[in-house]
>>> print(open('upload_25.pdb').read())   # PDB, C-alpha atoms
ATOM      1  CA  MET A   1     107.014 115.486  89.370  1.00  0.00           C
ATOM      2  CA  SER A   2     105.086 112.241  89.969  1.00  0.00           C
ATOM      3  CA  PHE A   3     105.977 109.432  92.382  1.00  0.00           C
ATOM      4  CA  PHE A   4     107.049 107.246  89.444  1.00  0.00           C
ATOM      5  CA  ASP A   5     109.272 110.037  88.102  1.00  0.00           C
ATOM      6  CA  ASP A   6     110.896 110.408  91.539  1.00  0.00           C
ATOM      7  CA  ILE A   7     111.635 106.677  91.583  1.00  0.00           C
ATOM      8  CA  TYR A   8     112.973 106.542  88.028  1.00  0.00           C
ATOM      9  CA  LYS A   9     115.246 109.542  88.617  1.00  0.00           C
ATOM     10  CA  THR A  10     116.617 107.907  91.774  1.00  0.00           C
ATOM     11  CA  VAL A  11     117.172 104.482  90.171  1.00  0.00           C
ATOM     12  CA  LYS A  12     119.172 106.118  87.385  1.00  0.00           C
ATOM     13  CA  ARG A  13     121.724 107.152  90.046  1.00  0.00           C
ATOM     14  CA  ILE A  14     122.603 103.543  90.948  1.00  0.00           C
ATOM     15  CA  PRO A  15     126.030 103.001  89.378  1.00  0.00           C
ATOM     16  CA  VAL A  16     127.016 100.056  87.214  1.00  0.00           C
ATOM     17  CA  GLY A  17     128.314  97.238  89.400  1.00  0.00           C
ATOM     18  CA  LYS A  18     126.198  98.251  92.392  1.00  0.00           C
ATOM     19  CA  VAL A  19     122.687  97.559  93.664  1.00  0.00           C
ATOM     20  CA  ALA A  20     120.267  99.367  95.966  1.00  0.00           C
ATOM     21  CA  THR A  21     117.336  98.053  97.963  1.00  0.00           C
ATOM     22  CA  TYR A  22     113.727  99.009  97.396  1.00  0.00           C
ATOM     23  CA  GLY A  23     113.821 100.800 100.755  1.00  0.00           C
ATOM     24  CA  GLN A  24     116.946 102.774  99.868  1.00  0.00           C
ATOM     25  CA  VAL A  25     115.329 103.898  96.631  1.00  0.00           C
ATOM     26  CA  ALA A  26     112.147 104.919  98.434  1.00  0.00           C
ATOM     27  CA  ARG A  27     114.072 106.957 101.036  1.00  0.00           C
ATOM     28  CA  ALA A  28     116.367 108.599  98.482  1.00  0.00           C
ATOM     29  CA  ALA A  29     113.370 109.532  96.329  1.00  0.00           C
ATOM     30  CA  GLY A  30     111.711 111.265  99.279  1.00  0.00           C
ATOM     31  CA  HIS A  31     109.124 108.554  99.966  1.00  0.00           C
ATOM     32  CA  PRO A  32     110.614 106.710 102.955  1.00  0.00           C
ATOM     33  CA  ARG A  33     107.664 104.414 103.635  1.00  0.00           C
ATOM     34  CA  ALA A  34     107.012 103.398 100.034  1.00  0.00           C
ATOM     35  CA  ALA A  35     109.361 100.455  99.357  1.00  0.00           C
ATOM     36  CA  ARG A  36     106.524  98.281  98.008  1.00  0.00           C
ATOM     37  CA  GLN A  37     105.366 101.053  95.714  1.00  0.00           C
ATOM     38  CA  VAL A  38     108.919 101.291  94.341  1.00  0.00           C
ATOM     39  CA  GLY A  39     108.428  97.746  93.049  1.00  0.00           C
ATOM     40  CA  TRP A  40     105.172  98.764  91.429  1.00  0.00           C
ATOM     41  CA  ALA A  41     106.838 101.727  89.729  1.00  0.00           C
ATOM     42  CA  LEU A  42     109.708  99.577  88.476  1.00  0.00           C
ATOM     43  CA  HIS A  43     107.299  96.965  87.153  1.00  0.00           C
ATOM     44  CA  SER A  44     105.938  99.772  84.948  1.00  0.00           C
ATOM     45  CA  ASN A  45     109.409 100.952  83.879  1.00  0.00           C
ATOM     46  CA  PRO A  46     108.984 102.649  80.478  1.00  0.00           C
ATOM     47  CA  GLN A  47     112.717 102.475  79.643  1.00  0.00           C
ATOM     48  CA  PRO A  48     114.333  99.201  80.750  1.00  0.00           C
ATOM     49  CA  MET A  49     118.151  99.440  80.919  1.00  0.00           C
ATOM     50  CA  ILE A  50     117.973 103.258  80.705  1.00  0.00           C
ATOM     51  CA  ILE A  51     116.183 103.166  84.044  1.00  0.00           C
ATOM     52  CA  PRO A  52     118.216 100.262  85.479  1.00  0.00           C
ATOM     53  CA  CYS A  53     115.559  98.583  87.587  1.00  0.00           C
ATOM     54  CA  HIS A  54     117.614  95.378  87.487  1.00  0.00           C
ATOM     55  CA  ARG A  55     119.894  97.059  90.069  1.00  0.00           C
ATOM     56  CA  VAL A  56     117.159  97.140  92.731  1.00  0.00           C
ATOM     57  CA  VAL A  57     116.989  94.206  95.157  1.00  0.00           C
ATOM     58  CA  PHE A  58     115.307  93.159  98.390  1.00  0.00           C
ATOM     59  CA  ALA A  59     116.679  94.280 101.772  1.00  0.00           C
ATOM     60  CA  ASP A  60     118.430  90.920 102.267  1.00  0.00           C
ATOM     61  CA  GLY A  61     120.177  91.091  98.867  1.00  0.00           C
ATOM     62  CA  ARG A  62     117.850  88.711  97.008  1.00  0.00           C
ATOM     63  CA  ILE A  63     116.804  89.592  93.489  1.00  0.00           C
ATOM     64  CA  CYS A  64     113.136  89.690  92.601  1.00  0.00           C
ATOM     65  CA  GLU A  65     111.525  86.378  91.689  1.00  0.00           C
ATOM     66  CA  GLY A  66     109.261  88.060  89.142  1.00  0.00           C
ATOM     67  CA  PHE A  67     111.699  90.444  87.458  1.00  0.00           C
ATOM     68  CA  ALA A  68     109.397  92.201  85.025  1.00  0.00           C
ATOM     69  CA  PHE A  69     111.687  92.114  82.022  1.00  0.00           C
ATOM     70  CA  GLY A  70     112.553  88.461  81.666  1.00  0.00           C
ATOM     71  CA  GLY A  71     112.644  86.785  85.059  1.00  0.00           C
ATOM     72  CA  LYS A  72     115.260  86.309  87.733  1.00  0.00           C
ATOM     73  CA  GLU A  73     117.686  84.540  85.378  1.00  0.00           C
ATOM     74  CA  VAL A  74     117.771  87.594  83.118  1.00  0.00           C
ATOM     75  CA  GLN A  75     118.230  89.959  86.062  1.00  0.00           C
ATOM     76  CA  LYS A  76     121.048  87.799  87.416  1.00  0.00           C
ATOM     77  CA  ALA A  77     122.753  87.663  84.009  1.00  0.00           C
ATOM     78  CA  ILE A  78     122.578  91.440  83.596  1.00  0.00           C
ATOM     79  CA  LEU A  79     124.015  92.016  87.062  1.00  0.00           C
ATOM     80  CA  LEU A  80     126.789  89.459  86.518  1.00  0.00           C
ATOM     81  CA  GLY A  81     127.621  91.276  83.275  1.00  0.00           C
ATOM     82  CA  GLU A  82     127.995  94.489  85.284  1.00  0.00           C
ATOM     83  CA  GLY A  83     130.405  92.815  87.721  1.00  0.00           C
ATOM     84  CA  VAL A  84     127.984  92.108  90.561  1.00  0.00           C
ATOM     85  CA  GLU A  85     128.716  88.736  92.148  1.00  0.00           C
ATOM     86  CA  PHE A  86     126.285  86.413  93.903  1.00  0.00           C
ATOM     87  CA  PHE A  87     127.197  84.500  97.053  1.00  0.00           C
ATOM     88  CA  GLU A  88     124.093  82.320  96.805  1.00  0.00           C
ATOM     89  CA  ASP A  89     122.082  81.485  93.693  1.00  0.00           C
ATOM     90  CA  TYR A  90     120.095  84.708  93.702  1.00  0.00           C
ATOM     91  CA  LYS A  91     121.530  86.691  96.608  1.00  0.00           C
ATOM     92  CA  ILE A  92     124.041  89.548  96.533  1.00  0.00           C
ATOM     93  CA  ASP A  93     126.407  90.632  99.313  1.00  0.00           C
ATOM     94  CA  LEU A  94     125.086  94.127 100.019  1.00  0.00           C
ATOM     95  CA  ASP A  95     128.169  95.044 102.058  1.00  0.00           C
ATOM     96  CA  ARG A  96     130.254  94.564  98.951  1.00  0.00           C
ATOM     97  CA  PHE A  97     127.916  95.522  96.094  1.00  0.00           C
ATOM     98  CA  GLY A  98     125.263  97.697  97.737  1.00  0.00           C
ATOM     99  CA  VAL A  99     125.380 101.456  97.399  1.00  0.00           C
ATOM    100  CA  LYS A 100     125.984 103.283 100.649  1.00  0.00           C
ATOM    101  CA  GLU A 101     123.700 106.156  99.674  1.00  0.00           C
ATOM    102  CA  LEU A 102     121.927 107.552  96.646  1.00  0.00           C
TER     103      LEU A 102
END
>>> encode(input="upload_25.pdb", output="structure tokens")
Amino acid sequence: MSFFDDIYKTVKRIPVGKVATYGQVARAAGHPRAARQVGWALHSNPQPMIIPCHRVVFADGRICEGFAFGGKEVQKAILLGEGVEFFEDYKIDLDRFGVKEL
């Protein structure tokens, strides 16, 4: 299995209404020092919404400025539609909406 496949398989485990950080995804996929590469893999996501890359956020809860599939407004709208709330314009409370483990 390739690095990208490891990442995509892991991201598919993030439940609706929750988010995970790039670092959490990297660790859960078996690549603990590859958080930046997770972003690269998600930017190349071959199946948006099936591989829910919109559920991956920065370590401080911010969503990505350059969300590959429509920008941060689209990512925010999708997450709001899944029940994820924002406590600042583009920042999520990870204690409340972050997954504990993948």
>>> residues_around(input="upload_25.pdb", residues="Asp60 in chain A", least_positions_apart="6", cutoff="10 Å", atoms="only C-alpha atoms", output="list in words")
Thr21, Lys91, Ile92, Asp93 and Leu94 of chain A
>>> resolve_selection(input="upload_25.pdb", expression="the PyMOL selection byres ((chain A and resi 31) around 12)", output="MDAnalysis selection string")
chainID A and resid 2:7 10 22:30 32:38
>>> atom_distance(input="upload_25.pdb", atom1="CA of Phe58 in chain A", atom2="CA of Lys12 in chain A")
17.4 Å
>>> atom_distance(input="upload_25.pdb", atom1="CA of Asp95 in chain A", atom2="CA of Gln47 in chain A")
28.2 Å
>>> closest_atom_pairs(input="upload_25.pdb", of="range 12-37 of chain A", to="range 62-79 of chain A", cutoff="12 Å", atoms="all atoms listed in the file", output="Markdown table")
| residue | atom | partner | partner_atom | distance |
| --- | --- | --- | --- | --- |
| A:Pro15 | CA | A:Leu79 | CA | 11.4 |
| A:Val16 | CA | A:Leu79 | CA | 8.6 |
| A:Gly17 | CA | A:Leu79 | CA | 7.2 |
| A:Lys18 | CA | A:Leu79 | CA | 8.5 |
| A:Val19 | CA | A:Leu79 | CA | 8.7 |
| A:Ala20 | CA | A:Ile63 | CA | 10.7 |
| A:Thr21 | CA | A:Arg62 | CA | 9.4 |
| A:Tyr22 | CA | A:Cys64 | CA | 10.5 |
>>> atom_distance(input="upload_25.pdb", atom1="CA of Tyr8 in chain A", atom2="CA of Leu42 in chain A")
7.7 Å
>>> residues_near_point(input="upload_25.pdb", point="(119.0, 104.6, 79.4)", cutoff="12 Å", atoms="only C-alpha atoms", output="short mmCIF file (atom, residue, chain, number, x, y, z; two decimals) with C-alpha atoms, keeping the file's coordinate frame")
data_model
loop_
_atom_site.label_atom_id
_atom_site.label_comp_id
_atom_site.auth_asym_id
_atom_site.auth_seq_id
_atom_site.Cartn_x
_atom_site.Cartn_y
_atom_site.Cartn_z
CA TYR A 8 112.97 106.54 88.03
CA LYS A 9 115.25 109.54 88.62
CA VAL A 11 117.17 104.48 90.17
CA LYS A 12 119.17 106.12 87.38
CA ARG A 13 121.72 107.15 90.05
CA ASN A 45 109.41 100.95 83.88
CA PRO A 46 108.98 102.65 80.48
CA GLN A 47 112.72 102.48 79.64
CA PRO A 48 114.33 99.20 80.75
CA MET A 49 118.15 99.44 80.92
CA ILE A 50 117.97 103.26 80.70
CA ILE A 51 116.18 103.17 84.04
CA PRO A 52 118.22 100.26 85.48
CA CYS A 53 115.56 98.58 87.59
#
>>> closest_residue(input="upload_25.pdb", among="A:Gly81, A:Glu88, A:His43, A:Ile14", to="Arg55 in chain A", atoms="all atoms listed in the file")
A:Ile14
>>> axis_aligned_box(input="upload_25.pdb", around="range 14-25 of chain A", padding_each_side="5 Å", output="JSON")
{"center_x": 121.0, "center_y": 100.6, "center_z": 94.0, "size_x": 24.6, "size_y": 16.7, "size_z": 23.5}
